[in-house]
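**Q** Before I ask anything, here is the structure I am working with.
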Amino acid sequence: MDPLEALVAQIQGLSSTSGDINRLHSVLKQADESLRSESTRLSPILSQLDPSIHSLGFLYILEASMPAPVTRTQAETVVPIVTRFIGACSTEQIRLAPEKFLSVCRKLKDQVMLLEAPIRGVAPLFTALRKLQVSAEHLTPLHSDFLLLCLLAKCYKTGLSLLEDDVFEVDQPRDLFLYCYYGGMICIGQKQFQKALDLLHNVVTAPMSTISAIAVEAYKKYILVSLVRHGQFATSLPKYSSSAAQRNLKNFCQPYVDLANSYGTGKIGELEAYVQANAEKFESDNNLGLVKQVVSSMYKRNIQRLTQTYLTLSLQDIANTVQLNSPKEAEMHVLQMIQDGEIHATINQKDGMVRFLEDPEQYKTCEMIEHIDSSIQRIMALSRKLTAMDEQISCDQLYLSKAGRERQRYDFDDFDVPQKFNI
């Protein structure tokens with residue numbers, strides 16, 4: 001019997017019980033090299049297997065049949081097969097060979113990008129990462145690939161649904177870096193700047209021995225989003241950041257640091273001149289759109305400062321003070337800020353006057369109470385999780401052995417012991 005036919009027969013006969021599947025896994029691992037040498041003959045064999053029943057065998061054959069460099073014609077054929085497999089495969093079986101499953105999913109990502117149709121990979125990769133996850137707190141290597149496809153396909157809301165999960169388990173640091181970087185970009189696309197800032201902050205403050213390209217690009221966006229969200233940027237990183245980041249990140253992002261310094265002067269003319277002079281640099285970094293939002297935010301900051309001084313002000317005076325071109329442009333800025341909840345005001349269009357108001361929120365509505373309660377519950381759950389993680393790390397043998405080597409032996413003088421006791 002042909003070896004491939006014999007292997008197909010074993011796959012069909014050993015895919016029922018867990019014991020059979022474990023035996024099949026051993027057979028497939030031994031046959032892996034021979035499968036790759038017969039890659040051109042494998043595609044027709046897939047039609048003899050049911051991806052929902054023979055998931056493990058289907059996975060090995062599918063992965064071996066997918067050539068590394070592919071043409072658009074080959075991609076058009078393979079993408080539907082992989083998509084159908086991901087949707088139908090058994091979670092228990094594919095978890096026996098996670099590296100094979102990852103390889104298939106990443107080849108799918110590459111092929112939909114080759115076809116210039118990233119949206120075709122969004123749903124399959126979401127299904128794949130959920131099947132690979134042991135819990136919603138687990139960050140898989142597919143998270144970043146999924147978010148990248150969401151970015152390219154402009155499916156920002158789909159990406160946001162994944163970012164709502166709290167992540168506590170990470171396999172590889174690079175997975176976390178890319179997850180937070182792409183996640184930050186998705187939040188920027190949805191103008192959720194605080195969430196974007198939190199994610200980018202995770203990248204630039206994460207432990208690192210050397211500066212990575214991901215950290216540099218994240219730091220550039222971190223500066224810009226800080227200006228948009230808070231109107232200021234702290235040049236010094238928190239103490240818990242790595243020494244490599246504290247020493248070197250600013251050196252790789254000097255134009256952005258200078259932009260933040262120019263923003264801090266509050267002079268819109270100087271800021272616009274600086275942006276104009278460095279537009280080519282910002283555009284080459286794909287950050288020019290975000291830089292323009294920084295410039296627009298300065299107008300908003302200057303308008304917000306007026307609310308702290310005046311109760312009423314004409315649109316003409318706002319335009320003159322903030323250096324806008326016309327009262328109409330000032331009106332558009334004020335209206336947008338009212339809509340976004342950034343200021344509270346009314347505009348009398350008859351006489352062109354703006355009346356600034358106090359925040360109407362009294363923090364006693366049912367919706368607000370529910371919001372506060374859910375925030376408290378979330379913080380309490382996070383506190384419990386941190387306590388559990390602390391206890392787990394405290395009992396970890398690797399951590400204890402390393403901490404024991406690095407910690408100096410305590411001397412008696414290190415303890416605050418009273419010299420005399422009064423009896």
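Chain labels run A, B, ... following the order of the structure tokens; each chain numbers its residues from 1, and ligands are numbered from 1 in the order shown.
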I need the alpha helix (DSSP H) residues of stretch 87-292 of chain A per DSSP on the backbone, written as a ChimeraX atom specification.
**A** /A:87-88,91-94,98-114,119-132,142-153,156-163,173-189,193-205,213-230,243-252,254-264,268-277,279-284,288-292
**Q** Do you know which residues are at most 7 Å from A:Phe233 counting only C-alpha atoms, after dropping those on the same chain fewer than 4 positions away, and could you put them as a list in words?
**A**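 Residues meeting the cut-off are Ile223, Ser226, Leu227 and Ala260 of chain A.
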**Q** Go ahead and save the residues from that selection, with N, CA and C atoms, as an mmCIF file, in the first residue's frame.
**A**
```cif
data_model
loop_
_atom_site.group_PDB
_atom_site.id
_atom_site.type_symbol
_atom_site.label_atom_id
_atom_site.label_comp_id
_atom_site.auth_asym_id
_atom_site.auth_seq_id
_atom_site.Cartn_x
_atom_site.Cartn_y
_atom_site.Cartn_z
ATOM 1 N N ILE A 223 3.919 59.503 22.718
ATOM 2 C CA ILE A 223 4.086 60.955 22.855
ATOM 3 C C ILE A 223 2.896 61.694 22.242
ATOM 4 N N SER A 226 -0.380 61.155 24.160
ATOM 5 C CA SER A 226 -0.347 61.898 25.425
ATOM 6 C C SER A 226 -0.737 63.355 25.204
ATOM 7 N N LEU A 227 -0.249 63.936 24.125
ATOM 8 C CA LEU A 227 -0.575 65.338 23.819
ATOM 9 C C LEU A 227 -2.048 65.487 23.463
ATOM 10 N N ALA A 260 6.647 67.772 21.285
ATOM 11 C CA ALA A 260 6.003 67.920 22.593
ATOM 12 C C ALA A 260 6.462 69.201 23.279
#
```
**Q** Compile the contact shell of A:Leu288 as an mmCIF file with all heavy atoms, in the first residue's frame: residues with an atom at most 12 Å away, counting only C-alpha atoms, same-chain residues fewer than 4 positions apart removed.
**A**
```cif
data_model
loop_
_atom_site.group_PDB
_atom_site.id
_atom_site.type_symbol
_atom_site.label_atom_id
_atom_site.label_comp_id
_atom_site.auth_asym_id
_atom_site.auth_seq_id
_atom_site.Cartn_x
_atom_site.Cartn_y
_atom_site.Cartn_z
ATOM 1 N N LYS A 220 6.847 56.754 19.932
ATOM 2 C CA LYS A 220 6.456 57.883 19.081
ATOM 3 C C LYS A 220 4.955 58.144 19.206
ATOM 4 O O LYS A 220 4.521 59.288 19.383
ATOM 5 C CB LYS A 220 6.815 57.592 17.621
ATOM 6 C CG LYS A 220 8.311 57.543 17.338
ATOM 7 C CD LYS A 220 8.596 57.091 15.910
ATOM 8 C CE LYS A 220 10.090 57.018 15.635
ATOM 9 N NZ LYS A 220 10.379 56.507 14.274
ATOM 10 N N LYS A 221 4.182 57.070 19.120
ATOM 11 C CA LYS A 221 2.722 57.230 19.222
ATOM 12 C C LYS A 221 2.311 57.575 20.648
ATOM 13 O O LYS A 221 1.326 58.296 20.858
ATOM 14 C CB LYS A 221 2.026 55.954 18.745
ATOM 15 C CG LYS A 221 2.108 55.756 17.228
ATOM 16 C CD LYS A 221 1.406 54.499 16.785
ATOM 17 C CE LYS A 221 1.286 54.450 15.271
ATOM 18 N NZ LYS A 221 2.554 54.491 14.562
ATOM 19 N N LEU A 224 2.540 61.312 21.024
ATOM 20 C CA LEU A 224 1.460 62.004 20.314
ATOM 21 C C LEU A 224 0.116 61.828 21.016
ATOM 22 O O LEU A 224 -0.648 62.788 21.174
ATOM 23 C CB LEU A 224 1.380 61.497 18.874
ATOM 24 C CG LEU A 224 2.629 61.722 18.009
ATOM 25 C CD1 LEU A 224 2.444 61.101 16.628
ATOM 26 C CD2 LEU A 224 2.948 63.208 17.885
ATOM 27 N N TYR A 256 9.841 63.869 17.855
ATOM 28 C CA TYR A 256 8.583 63.803 18.595
ATOM 29 C C TYR A 256 8.721 64.479 19.960
ATOM 30 O O TYR A 256 7.777 65.133 20.437
ATOM 31 C CB TYR A 256 8.148 62.341 18.739
ATOM 32 C CG TYR A 256 7.788 61.706 17.417
ATOM 33 C CD1 TYR A 256 8.771 61.157 16.608
ATOM 34 C CD2 TYR A 256 6.477 61.681 16.963
ATOM 35 C CE1 TYR A 256 8.446 60.588 15.373
ATOM 36 C CE2 TYR A 256 6.136 61.117 15.744
ATOM 37 C CZ TYR A 256 7.138 60.572 14.956
ATOM 38 O OH TYR A 256 6.808 60.023 13.738
ATOM 39 N N VAL A 275 5.582 71.407 12.617
ATOM 40 C CA VAL A 275 4.975 70.267 11.922
ATOM 41 C C VAL A 275 5.239 70.366 10.426
ATOM 42 O O VAL A 275 5.570 69.373 9.764
ATOM 43 C CB VAL A 275 3.457 70.206 12.215
ATOM 44 C CG1 VAL A 275 2.772 69.192 11.301
ATOM 45 C CG2 VAL A 275 3.209 69.847 13.677
ATOM 46 N N GLN A 276 5.094 71.562 9.891
ATOM 47 C CA GLN A 276 5.327 71.761 8.465
ATOM 48 C C GLN A 276 6.778 71.428 8.094
ATOM 49 O O GLN A 276 7.050 70.791 7.071
ATOM 50 C CB GLN A 276 5.016 73.211 8.083
ATOM 51 C CG GLN A 276 5.032 73.496 6.579
ATOM 52 C CD GLN A 276 3.897 72.789 5.858
ATOM 53 O OE1 GLN A 276 2.830 72.563 6.429
ATOM 54 N NE2 GLN A 276 4.143 72.402 4.613
ATOM 55 N N ASN A 278 8.772 69.353 9.547
ATOM 56 C CA ASN A 278 9.099 67.939 9.754
ATOM 57 C C ASN A 278 8.022 67.000 9.207
ATOM 58 O O ASN A 278 7.977 65.828 9.586
ATOM 59 C CB ASN A 278 9.305 67.667 11.245
ATOM 60 C CG ASN A 278 10.515 68.361 11.813
ATOM 61 O OD1 ASN A 278 11.626 67.839 11.787
ATOM 62 N ND2 ASN A 278 10.317 69.582 12.322
ATOM 63 N N ALA A 279 7.177 67.521 8.325
ATOM 64 C CA ALA A 279 6.061 66.730 7.802
ATOM 65 C C ALA A 279 6.545 65.457 7.102
ATOM 66 O O ALA A 279 5.924 64.394 7.221
ATOM 67 C CB ALA A 279 5.230 67.572 6.839
ATOM 68 N N GLU A 280 7.657 65.559 6.384
ATOM 69 C CA GLU A 280 8.166 64.395 5.662
ATOM 70 C C GLU A 280 8.561 63.275 6.620
ATOM 71 O O GLU A 280 8.285 62.094 6.369
ATOM 72 C CB GLU A 280 9.367 64.812 4.814
ATOM 73 C CG GLU A 280 9.866 63.715 3.881
ATOM 74 C CD GLU A 280 10.982 64.185 2.969
ATOM 75 O OE1 GLU A 280 11.096 65.415 2.748
ATOM 76 O OE2 GLU A 280 11.749 63.330 2.488
ATOM 77 N N LYS A 281 9.189 63.636 7.737
ATOM 78 C CA LYS A 281 9.572 62.645 8.742
ATOM 79 C C LYS A 281 8.350 61.980 9.352
ATOM 80 O O LYS A 281 8.287 60.742 9.479
ATOM 81 C CB LYS A 281 10.405 63.331 9.836
ATOM 82 C CG LYS A 281 10.639 62.507 11.089
ATOM 83 C CD LYS A 281 11.433 61.247 10.819
ATOM 84 C CE LYS A 281 11.688 60.473 12.107
ATOM 85 N NZ LYS A 281 12.314 59.148 11.842
ATOM 86 N N PHE A 282 7.358 62.790 9.723
ATOM 87 C CA PHE A 282 6.140 62.239 10.331
ATOM 88 C C PHE A 282 5.385 61.355 9.344
ATOM 89 O O PHE A 282 4.832 60.322 9.723
ATOM 90 C CB PHE A 282 5.236 63.369 10.823
ATOM 91 C CG PHE A 282 5.836 64.187 11.937
ATOM 92 C CD1 PHE A 282 5.756 65.570 11.939
ATOM 93 C CD2 PHE A 282 6.481 63.576 12.998
ATOM 94 C CE1 PHE A 282 6.302 66.330 12.953
ATOM 95 C CE2 PHE A 282 7.044 64.316 14.025
ATOM 96 C CZ PHE A 282 6.953 65.698 14.006
ATOM 97 N N GLU A 283 5.379 61.747 8.082
ATOM 98 C CA GLU A 283 4.671 60.953 7.076
ATOM 99 C C GLU A 283 5.380 59.626 6.829
ATOM 100 O O GLU A 283 4.725 58.591 6.656
ATOM 101 C CB GLU A 283 4.563 61.743 5.772
ATOM 102 C CG GLU A 283 3.635 61.098 4.757
ATOM 103 C CD GLU A 283 3.249 62.024 3.631
ATOM 104 O OE1 GLU A 283 3.890 63.079 3.470
ATOM 105 O OE2 GLU A 283 2.286 61.698 2.904
ATOM 106 N N SER A 284 6.722 59.640 6.821
ATOM 107 C CA SER A 284 7.468 58.388 6.624
ATOM 108 C C SER A 284 7.233 57.420 7.776
ATOM 109 O O SER A 284 7.328 56.203 7.601
ATOM 110 C CB SER A 284 8.967 58.681 6.476
ATOM 111 O OG SER A 284 9.506 59.177 7.694
ATOM 112 N N LYS A 292 -1.475 65.728 13.048
ATOM 113 C CA LYS A 292 -2.494 66.751 12.747
ATOM 114 C C LYS A 292 -3.549 66.807 13.853
ATOM 115 O O LYS A 292 -4.076 67.879 14.163
ATOM 116 C CB LYS A 292 -3.141 66.460 11.399
ATOM 117 C CG LYS A 292 -2.205 66.711 10.210
ATOM 118 C CD LYS A 292 -2.879 66.403 8.886
ATOM 119 C CE LYS A 292 -1.951 66.705 7.711
ATOM 120 N NZ LYS A 292 -2.570 66.377 6.403
ATOM 121 N N GLN A 293 -3.846 65.634 14.445
ATOM 122 C CA GLN A 293 -4.784 65.631 15.572
ATOM 123 C C GLN A 293 -4.170 66.325 16.785
ATOM 124 O O GLN A 293 -4.889 66.930 17.587
ATOM 125 C CB GLN A 293 -5.172 64.198 15.920
ATOM 126 C CG GLN A 293 -6.023 63.504 14.861
ATOM 127 C CD GLN A 293 -6.524 62.151 15.309
ATOM 128 O OE1 GLN A 293 -7.230 62.029 16.314
ATOM 129 N NE2 GLN A 293 -6.164 61.100 14.573
ATOM 130 N N VAL A 294 -2.850 66.227 16.918
ATOM 131 C CA VAL A 294 -2.157 66.940 17.997
ATOM 132 C C VAL A 294 -2.333 68.435 17.818
ATOM 133 O O VAL A 294 -2.640 69.171 18.770
ATOM 134 C CB VAL A 294 -0.652 66.563 18.026
ATOM 135 C CG1 VAL A 294 0.107 67.490 18.970
ATOM 136 C CG2 VAL A 294 -0.476 65.114 18.446
ATOM 137 N N VAL A 295 -2.142 68.928 16.590
ATOM 138 C CA VAL A 295 -2.314 70.358 16.300
ATOM 139 C C VAL A 295 -3.742 70.785 16.598
ATOM 140 O O VAL A 295 -3.983 71.823 17.242
ATOM 141 C CB VAL A 295 -1.960 70.660 14.833
ATOM 142 C CG1 VAL A 295 -2.241 72.121 14.504
ATOM 143 C CG2 VAL A 295 -0.496 70.337 14.559
#
```
**Q** Pick out the closest residue to A:Arg247 from this set: A:Ala123, A:Cys180, A:Val204, A:Cys150. Count only C-alpha atoms.
**A**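 Selected residue with least distance to A:Arg247: A:Val204.
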**Q** Given only C-alpha atoms as the basis, pick out the residue of A:Pro98, A:Pro173, A:Gly19, A:Gly352 nearest to A:Ile318.
**A**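 Ranking A:Pro98, A:Pro173, A:Gly19, A:Gly352 by distance to A:Ile318, first place goes to A:Gly352.
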